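*Asks:* Sharing a structure, written as structure tokens. Questions coming.
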Amino acid sequence: MGPLMNQNRDTDADWDHLGQTQPYWAVMTEERFRGQKVSRDVEDQFYQSGQGDVEAIHATLMARFQAPERFKSCLDFGCGLGRLLIPMAARADQAIGVDVAASMRRLCQQRLDRDGLNHVILVDVPTSAASYAPFAWINSYIVMQHIPPSRGFELIESLTSLLEPGGYLSLHITTHRDPHLMPSQTRNPLRLLARSLRHRLFPQRDVGQITMYDYDLADVLSRLERLGCKQFHLEPTNHGGHHGFMIYTQRTQ
Ligand SMILES: C[S@@+](CC[C@H](N)C(=O)[O-])C[C@H]1O[C@@H](n2cnc3c(N)ncnc32)[C@H](O)[C@@H]1O
């Protein structure tokens, strides 16, 4: 599966473009969220969906790992427009949103300003969040799936190393997909070569695409284990045939 996915693509450029053209739809691909701007009503529906998601994630951390009601500090990786970051911030003294796309951060900051949330800070990469570490809770949902795993693995490790001992991680990855979502299968060596060359020569065709990548679950878990996460709770996810897991864990050291 791995080699069929375009590992060379500059997905950062895609997301900056998406943030400029379809910011809501790029996060939640439902028709009502299409367009550069949406009505106030639709915008409210968008942000309300985040309240529900964070409530469910937090409830799982409390039930499985005895996480507290409130956190000193939290971080949302791939925060986008703040759909999850804002309800996370309501549970924390300080919240950091990390997003590589300047266009997404700009819109998120507008929403934070509108809501008067001045205990929330936005940065572009995890290393810029390090000065606010360690974090009591780090979350990332529907983000790693859009990042080539070679890079995603490094990001997962650098994020986990920002957790305080006893800190909680809720991390979503995709691992496999239904057959109709597979890049077209072929055993023909010439076709395979042609595809690989196309990916190398034209990695950035049609900037603004949403690309999906699958991760090796065992690889992710073993990296987390090496960083001091000793117990895991996994919940399967299925977004339109893209399957994965929400991984819940606590760093013990
Ligand atoms: C599908 S959206 C999810 C946003 C948010 N997690 C939510 O659920 O509302 C994916 C987000 O990840 C961000 N992203 C993609 N690649 C990233 C990277 N390498 N580092 C940080 N953020 C990234 C995108 O800019 C986008 O805002």
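Chain labels A, B, ... are given in the sequence in which chains occur in the structure tokens; within each chain residues are numbered consecutively from 1, and ligands are likewise numbered from 1 in the order shown.
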If the limit is 8 Å from any atom of ligand 1, counting only C-alpha atoms and all ligand atoms, which residues qualify? Return them as an MDAnalysis selection string.

*Replies:* chainID A and resid 11:12 15:16 18:19 26:28 50 76:85 98:102 104:105 124:126 140:144 146:147 151:152 155

*Asks:* Would you return as a VMD selection string the members of segment 114-203 of chain A that DSSP assigns to helix (DSSP H, G or I) on this structure's backbone?

*Replies:* chain A and resid 114 126 to 132 144 to 146 149 to 160 179 to 181 189 to 201

*Asks:* Please measure the separation of atom CA of Pro87 of chain A and atom CA of Asp44 of chain A, giving the value in Å to one decimal.

*Replies:*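 Taking atom CA of Pro87 of chain A and atom CA of Asp44 of chain A, their separation equals 13.2 Å.
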
*Asks:* Rank A:Gly167, A:Gly208, A:Pro134, A:Gly244 by their smallest atom-to-atom distance to Ala13 of chain A, using only C-alpha atoms, and report the top residue only.

*Replies:* A:Gly208

*Asks:* Which residues come within 10 Å of Leu117 of chain A, counting only C-alpha atoms, excluding same-chain residues fewer than 2 positions away, as a count of residues only?

*Replies:* 14
